[in-house]
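The next block holds one structure in the form of structure tokens; read it before the comments.
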Amino acid sequence: MEVFVTGACGYIASHTIVELVEAGHNIVGVDNFSNCSKDVAQRLRKACGRFIKIYDCDLRDEYSLSNIFQYERFDSVMHFAGLKSIRESYKYPLEYYDNNIKGTLNLLKMVEKFGVENFIFSSSASVYGFDSTPPFKESYHVNLPVHPYGKTKYMIEQMIFDLKFTTSIILRYFNPVGASSSGLIGENPKGVPNNLMPIIVSVAAGRLDKLTIFGNDYDTPDGTCIRDYIHVVDLANGHLRALDFAFRNQKSEVFNLGTGKGTSVLELVKTFEKVNNLKINYEFGERRDGDLPVCVSCCKKANDKLKWNAKLGLEDMCKSAWDWELNMKNFRV
Ligand code: UD1
């Protein structure tokens with residue numbers, strides 16, 4: 001297949017490209033490099049063992065995007081590009097709507113105009129709301145999330161449900177962490193990290209002096225929030241299965257990609273300390289606005305229909321996240 005990947009140099013897309021190339025697909029990528037440096041493209045090519053064409057283009061630039069589609073031919077579009085910080089989305093909501101919604105709209109116009117058969121979208125567990133009981137199933141009614149970031153995911157999902165010109169697969173990610181064993185790609189957000197694992201890693205590396213755990217008075221066994229952490233390589237593999245599914249069944253579907261296992265913030269910290277033989281300086285702080293106490297997937301649908309399940313455990317996630325940090329030192333300028 002010829003697959004067009006947006007946000008190609010980002011954390012999840014780059015891992016997915018490696019899996020797609022390994023399975024024999026041809027990739028063309030696009031990135032505006034707003035959240036990663038340009039040298040990721042070189043490392044990604046090295047990880048793939050071959051040249052991958054990656055256009056430097058913002059999806060909101062309809063003219064340039066249209067030029068790419070005129071020049072290339074795609075069987076499928078995998079859409080990862082998007083701003084993804086909840087905190088930042090409260091501060092700059094219009095930037096989030098503009099980037100995520102407008103970018104997707106332009107992309108979908110190209111999918112329609114150039115007759116691309118399939119569209120795969122990176123959605124998020126944030127579409128499940130406070131009124132649902134975990135584990136979250138795809139059949140649950142989704143609610144308008146509280147934060148602008150989650151709202152953009154919700155709105156894009158609604159847009160995709162209305163499309164008749166392509167088959168679409170919506171993948172709702174839970175909490176992706178870890179890195180590939182190549183040591184060439186991994187999570188490396190620009191600026192101060194927002195998500196738990198990059199913060200833990202930054203504390204371990206001495207770039208941050210401590211982790212503040214947001215709340216220890218939740219109704220969970222140790223009082224801290226529970227999430228469904230999934231190794232990014234398993235997540236990447238889920239995209240490969242989704243692509244196969246779409247072309248075999250010619251059907252649009254929504255799938256959760258998680259492990260179905262819940263881990264508390266404290267458990268993640270303790271596992272990270274144990275497998276990497278390190279100490280993480282942490283303190284308990286106030287609850288964070290908009291945090292669900294428990295966010296865990298039911299992955300039965302993906303297990304059954306995609307013949308996919310997550311294989312790597314929490315220890316692999318913690319170990320590979322730290323290994324990546326150690327490797328990354330070689331790439332810092
Ligand atoms: C959220 C979204 C997820 C999205 C991701 C992108 C929900 C339910 N989930 O994940 O879909 O892809 O953001 O950013 O909206 N924590 C701390 N201290 C910190 C940072 C985090 O204790 O400094 C805790 C949080 O309270 C949470 C857990 O760690 O319980 C994970 O947080 P985070 O990594 O930010 O991801 P989510 O908010 O779960």
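Ligands are numbered from 1 in the order shown, residues from 1 within each chain, and chains are lettered A, B, ... in the order they appear in the structure tokens.
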
Could you produce a table of the residues of region 128-200 of chain A lying within 6 Å of region 100-124 of chain A, with the nearest pair of atoms per residue and their separation in Å rounded to one decimal, using only C-alpha atoms, ordered by chain and increasing residue number, as JSON lines?
```
{"residue": "A:Lys153", "atom": "CA", "partner": "A:Ser123", "partner_atom": "CA", "distance": 5.8}
{"residue": "A:Thr166", "atom": "CA", "partner": "A:Glu117", "partner_atom": "CA", "distance": 5.1}
{"residue": "A:Thr167", "atom": "CA", "partner": "A:Asn118", "partner_atom": "CA", "distance": 4.8}
{"residue": "A:Ser168", "atom": "CA", "partner": "A:Phe119", "partner_atom": "CA", "distance": 4.7}
{"residue": "A:Ile169", "atom": "CA", "partner": "A:Ile120", "partner_atom": "CA", "distance": 4.7}
{"residue": "A:Ile170", "atom": "CA", "partner": "A:Phe121", "partner_atom": "CA", "distance": 4.9}
{"residue": "A:Leu171", "atom": "CA", "partner": "A:Ser123", "partner_atom": "CA", "distance": 5.4}
{"residue": "A:Arg172", "atom": "CA", "partner": "A:Ser124", "partner_atom": "CA", "distance": 4.3}
{"residue": "A:Tyr173", "atom": "CA", "partner": "A:Ser124", "partner_atom": "CA", "distance": 4.7}
```

10 Å contact set for Val18 (chain A), only C-alpha atoms, chain neighbours under 6 positions out, as number ranges by chain: A: 25, 27, 44-49, 180, 185, 233, 236-237

Sel. of helix (DSSP H, G or I) residues, region 159-328 of chain A, as JSON, numbers by chain: {"A": [159, 160, 161, 196, 197, 198, 199, 200, 201, 202, 203, 204, 205, 232, 233, 234, 235, 236, 237, 238, 239, 240, 241, 242, 243, 244, 245, 246, 247, 248, 249, 265, 266, 267, 268, 269, 270, 271, 272, 273, 274, 275, 276, 300, 301, 302, 303, 304, 305, 314, 315, 316, 317, 318, 319, 320, 321, 322, 323, 324, 325, 326, 327, 328]}

Contact residues around region 54-67 of chain A with only C-alpha atoms at 6 Å, ignoring same-chain residues under 4 positions, as a list in words: Val28, Gly29, Val30, Asp31, Asn32 and Gly103 of chain A

Pro293 (chain A) environment, 12 Å, only C-alpha atoms, sequence neighbours closer than 4 positions dropped, as an MDAnalysis selection string: chainID A and resid 129:134 214:228 262:265 287:289

Residue among A:Val142, A:Val21, A:Leu211, A:Ala205 lying closest to ligand 1, counting only C-alpha atoms and all ligand atoms: A:Leu211

Minimum-distance residue to Phe136 (chain A), chosen among A:Lys301, A:Lys91, A:Lys274, A:Lys311 (using only C-alpha atoms):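 Of the candidates, the smallest distance to Phe136 (chain A) is held by A:Lys301.
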
Proximity to ligand 1 - best of A:Lys251, A:Lys84, A:Lys270, A:His239, only C-alpha atoms and all ligand atoms: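 Closest candidate: A:Lys84.
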
Interatomic distance, CA of Phe74 (chain A) to CA of Ser182 (chain A) (Å, one decimal):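 According to the coordinates, CA of Phe74 (chain A) and CA of Ser182 (chain A) are separated by 27.7 Å.
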
Option closest in space to ligand 1, from A:Asp323, A:Asp98, A:Asp291, A:Glu315 [counting only C-alpha atoms and all ligand atoms]: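 Among the listed residues, A:Asp291 lies closest to ligand 1.
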
Strand (DSSP E) call set, DSSP backbone run, region 14-229 of chain A, as a count of residues only: 38

A:Glu325, A:Glu283, A:Glu2, A:Asp234 ranked by distance to ligand 1, top pick (using only C-alpha atoms and all ligand atoms):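 Looking only at the distances to ligand 1, the closest residue turns out to be A:Glu283.
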
Minimum-distance residue to Ser85 (chain A), chosen among A:Val203, A:Val275, A:Leu266, A:Val192 (using only C-alpha atoms): A:Val192

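Between CA of Thr6 (chain A) and CA of Cys295 (chain A) there is a distance of 26.9 Å.
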
Polymer residues at most 7 Å from Ser89 (chain A), only C-alpha atoms, same-chain spacing of 5 or more positions, as a ChimeraX atom specification: /A:96,148-149

Hey, can you spit out that residue selection with N, CA and C atoms as a CSV table (one decimal), in the first residue's frame?
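Result file follows (again-v8.csv):
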```csv
chain,number,residue,atom,x,y,z
A,96,TYR,N,-5.7,25.6,19.0
A,96,TYR,CA,-6.1,24.1,18.9
A,96,TYR,C,-7.1,23.9,17.9
A,148,PRO,N,-10.4,21.8,25.5
A,148,PRO,CA,-10.4,22.0,24.1
A,148,PRO,C,-9.6,20.9,23.3
A,149,TYR,N,-8.5,20.4,23.8
A,149,TYR,CA,-7.8,19.3,23.1
A,149,TYR,C,-8.8,18.2,22.8
```
